[in-house]
>>> print(open('entry-v9.cif').read())   # mmCIF, C-alpha atoms and all ligand atoms
data_target
#
loop_
_atom_site.label_atom_id
_atom_site.label_comp_id
_atom_site.auth_asym_id
_atom_site.auth_seq_id
_atom_site.Cartn_x
_atom_site.Cartn_y
_atom_site.Cartn_z
CA MET A 1 28.89 100.31 140.29
CA HIS A 2 28.80 97.32 142.63
CA GLU A 3 31.54 96.05 144.93
CA ALA A 4 33.75 93.34 143.44
CA PRO A 5 33.02 90.00 145.15
CA ALA A 6 36.31 88.41 144.06
CA SER A 7 39.79 89.81 144.28
CA ALA A 8 43.39 88.67 144.02
CA CYS A 9 46.37 90.42 145.49
CA PHE A 10 49.93 90.04 144.25
CA LYS A 11 52.94 91.15 146.17
CA PHE A 12 56.35 91.43 144.51
CA ARG A 13 59.66 92.25 146.06
CA VAL A 14 62.03 94.11 143.73
CA GLY A 15 65.30 94.93 145.44
CA THR A 16 64.29 97.12 148.38
CA MET A 17 60.83 97.87 146.97
CA GLU A 18 57.57 96.04 147.41
CA LEU A 19 55.07 96.14 144.61
CA MET A 20 51.40 95.46 145.32
CA TYR A 21 49.01 94.60 142.56
CA THR A 22 45.36 93.89 143.24
CA LEU A 23 42.88 92.50 140.75
CA ARG A 24 39.18 92.65 141.37
CA GLY A 25 36.45 90.89 139.45
CA ILE A 26 32.90 89.75 139.62
CA ASP A 27 33.82 86.04 140.06
CA ASP A 28 36.79 83.71 140.17
CA ALA A 29 36.52 82.70 136.54
CA GLU A 30 36.70 86.28 135.35
CA LEU A 31 39.51 86.96 137.81
CA GLN A 32 41.54 83.98 136.59
CA ARG A 33 41.12 85.12 132.99
CA ARG A 34 42.41 88.57 133.86
CA ILE A 35 45.27 87.19 135.93
CA THR A 36 46.39 85.07 132.98
CA ALA A 37 46.19 88.12 130.74
CA THR A 38 47.93 90.44 133.19
CA LEU A 39 50.72 88.29 134.62
CA PRO A 40 53.06 88.39 131.59
CA THR A 41 52.84 92.19 131.55
CA LEU A 42 53.44 92.32 135.30
CA GLN A 43 56.39 89.98 134.90
CA GLU A 44 57.89 92.33 132.33
CA VAL A 45 57.46 95.26 134.67
CA ILE A 46 59.14 93.36 137.50
CA GLU A 47 62.02 92.29 135.29
CA ALA A 48 62.50 95.83 134.03
CA CYS A 49 62.56 97.03 137.64
CA GLU A 50 65.11 94.37 138.55
CA ASP A 51 67.26 95.30 135.56
CA ARG A 52 67.19 98.93 136.54
CA ALA A 53 67.99 98.11 140.16
CA ALA A 54 70.94 95.97 139.06
CA GLN A 55 72.17 98.73 136.74
CA ARG A 56 71.92 101.33 139.49
CA ALA A 57 73.76 99.06 141.92
CA ALA A 58 76.51 98.44 139.37
CA ALA A 59 76.83 102.16 138.62
CA ARG A 60 76.93 102.96 142.32
CA GLU A 61 79.64 100.38 142.93
CA ALA A 62 81.67 101.69 139.98
CA ALA A 63 81.38 105.25 141.27
CA GLN A 64 82.42 104.17 144.76
CA ALA A 65 85.40 102.25 143.36
CA ALA A 66 86.50 105.28 141.32
CA GLN A 67 86.11 107.54 144.35
CA ALA A 68 88.08 105.17 146.55
CA GLN A 69 90.90 105.14 143.99
CA GLN A 70 91.03 108.93 143.78
CA ALA A 71 90.83 109.76 147.49
CA PRO A 72 90.74 106.78 149.85
CA ALA A 73 90.79 108.91 153.00
CA ALA A 74 87.99 111.21 151.85
CA ALA A 75 85.86 108.30 150.71
CA ALA A 76 86.37 106.46 153.98
CA ASN A 77 85.10 109.14 156.34
CA GLY A 78 83.02 111.21 153.89
CA GLN A 79 84.94 114.38 154.64
CA ALA A 80 86.94 116.72 152.48
CA THR A 81 90.72 116.78 152.55
CA PRO A 82 91.89 118.36 155.82
CA PRO A 83 93.54 121.81 155.52
CA PRO A 84 97.33 121.95 155.45
CA PRO A 85 99.01 122.27 158.85
CA ALA A 86 99.54 125.78 160.17
CA PRO A 87 103.04 127.29 159.81
CA PRO A 88 105.28 127.15 162.92
CA SER A 89 104.54 129.95 165.34
CA ASN A 90 108.08 130.50 166.61
CA GLY A 91 110.26 132.53 164.26
CA THR A 92 113.48 130.59 164.81
CA ALA A 93 112.99 128.11 161.97
CA GLN A 94 111.54 130.48 159.39
CA PRO A 95 113.68 130.64 156.23
CA ALA A 96 112.63 134.25 155.56
CA SER A 97 114.28 135.54 158.72
CA THR A 98 117.59 137.32 158.14
CA PRO A 99 120.42 136.73 160.62
CA GLU A 100 121.80 139.78 162.36
CA GLY A 101 124.65 141.39 160.47
CA TRP A 102 123.65 139.98 157.07
CA CYS A 103 122.26 142.12 154.25
CA ALA A 104 119.41 140.25 152.58
CA LEU A 105 119.33 142.83 149.76
CA HIS A 106 122.89 142.29 148.61
CA GLN A 107 123.64 138.95 150.31
CA VAL A 108 126.74 140.31 151.98
CA PRO A 109 127.83 140.56 155.64
CA MET A 110 127.40 143.94 157.33
CA GLU A 111 129.47 145.69 159.97
CA LEU A 112 128.11 146.88 163.29
CA ARG A 113 128.45 150.64 163.56
CA SER A 114 127.48 152.89 166.37
CA ASN A 115 127.34 156.51 167.45
CA GLU A 116 125.82 158.45 170.32
CA ARG A 117 122.28 157.66 169.11
CA GLY A 118 122.70 153.90 169.03
CA SER A 119 124.11 151.15 166.87
CA TRP A 120 123.18 149.65 163.52
CA TRP A 121 124.43 147.26 160.92
CA SER A 122 125.53 148.51 157.52
CA HIS A 123 127.87 147.81 154.67
CA ARG A 124 129.37 149.97 152.01
CA LEU A 125 128.13 149.82 148.42
CA ALA A 126 130.27 150.11 145.28
CA ASP A 127 129.19 153.73 144.77
CA GLY A 128 130.46 154.67 148.23
CA SER A 129 127.10 154.94 149.96
CA TYR A 130 126.07 152.75 152.89
CA CYS A 131 123.33 150.13 152.98
CA LYS A 132 121.58 149.22 156.22
CA GLY A 133 120.04 146.09 154.78
CA LYS A 134 116.57 147.64 154.34
ZN ZN B 201 122.92 145.93 151.37
#
>>> encode(input="entry-v9.cif", output="structure tokens", more="lines below")
Ligand SMILES: [Zn+2]
Amino acid sequence: MHEAPASACFKFRVGTMELMYTLRGIDDAELQRRITATLPTLQEVIEACEDRAAQRAAAREAAQAAQAQQAPAAAANGQATPPPPAPPSNGTAQPASTPEGWCALHQVPMELRSNERGSWWSHRLADGSYCKGK
């Protein structure tokens, strides 16, 4: 095994990649013969790489376009959809709140009644009993 006295180095740029190919031989004539034999194969490899790179780029662009169509805001900043805003903290605007003197069970107005222990709202039901709205 002796060191090759002649060598040729090829450098290809394929997209973002660099491909190095080095041929070594005993003399220039042998090297030239091998270069001639190897170059078509190398060219095919390079072209295949370029095809693949172009296909990947096209697929990436298509995916980005589809993403942008579905959620432009999420695609723009790379974040998920923000959570919905928190409900209002003050109870004045809440639809579930029942106004004083109104029975939410029967949807009828109640009357304010009172005795020595306090006062309360109630209304009379059809069967004669009283409802306090709860
Ligand atoms: Zn009631």
>>> atom_distance(input="entry-v9.cif", atom1="atom CA of Thr38 of chain A", atom2="atom CA of Arg24 of chain A")
12.2 Å
>>> closest_residue(input="entry-v9.cif", among="A:His106, A:Met20, A:Ile26, A:Ala59", to="Ala126 of chain A", atoms="all atoms listed in the file")
A:His106
>>> closest_atom_pairs(input="entry-v9.cif", of="chain A", to="ligand ZN 201 (chain B)", cutoff="10 Å", atoms="all atoms listed in the file", output="JSON lines")
{"residue": "A:Trp102", "atom": "CA", "partner": "B:ZN201", "partner_atom": "ZN", "distance": 8.3}
{"residue": "A:Cys103", "atom": "CA", "partner": "B:ZN201", "partner_atom": "ZN", "distance": 4.8}
{"residue": "A:Ala104", "atom": "CA", "partner": "B:ZN201", "partner_atom": "ZN", "distance": 6.8}
{"residue": "A:Leu105", "atom": "CA", "partner": "B:ZN201", "partner_atom": "ZN", "distance": 5.0}
{"residue": "A:His106", "atom": "CA", "partner": "B:ZN201", "partner_atom": "ZN", "distance": 4.6}
{"residue": "A:Gln107", "atom": "CA", "partner": "B:ZN201", "partner_atom": "ZN", "distance": 7.1}
{"residue": "A:Val108", "atom": "CA", "partner": "B:ZN201", "partner_atom": "ZN", "distance": 6.8}
{"residue": "A:Pro109", "atom": "CA", "partner": "B:ZN201", "partner_atom": "ZN", "distance": 8.4}
{"residue": "A:Met110", "atom": "CA", "partner": "B:ZN201", "partner_atom": "ZN", "distance": 7.7}
{"residue": "A:Trp121", "atom": "CA", "partner": "B:ZN201", "partner_atom": "ZN", "distance": 9.8}
{"residue": "A:Ser122", "atom": "CA", "partner": "B:ZN201", "partner_atom": "ZN", "distance": 7.2}
{"residue": "A:His123", "atom": "CA", "partner": "B:ZN201", "partner_atom": "ZN", "distance": 6.2}
{"residue": "A:Arg124", "atom": "CA", "partner": "B:ZN201", "partner_atom": "ZN", "distance": 7.6}
{"residue": "A:Leu125", "atom": "CA", "partner": "B:ZN201", "partner_atom": "ZN", "distance": 7.1}
{"residue": "A:Tyr130", "atom": "CA", "partner": "B:ZN201", "partner_atom": "ZN", "distance": 7.7}
{"residue": "A:Cys131", "atom": "CA", "partner": "B:ZN201", "partner_atom": "ZN", "distance": 4.5}
{"residue": "A:Lys132", "atom": "CA", "partner": "B:ZN201", "partner_atom": "ZN", "distance": 6.0}
{"residue": "A:Gly133", "atom": "CA", "partner": "B:ZN201", "partner_atom": "ZN", "distance": 4.5}
{"residue": "A:Lys134", "atom": "CA", "partner": "B:ZN201", "partner_atom": "ZN", "distance": 7.2}
>>> atom_distance(input="entry-v9.cif", atom1="atom CA of Leu31 of chain A", atom2="atom CA of Pro5 of chain A")
10.3 Å
>>> atom_distance(input="entry-v9.cif", atom1="atom CA of Val14 of chain A", atom2="atom CA of Glu50 of chain A")
6.0 Å
>>> closest_residue(input="entry-v9.cif", among="A:Glu111, A:Glu18, A:Asp27, A:Glu61", to="Ile46 of chain A", atoms="all atoms listed in the file")
A:Glu18
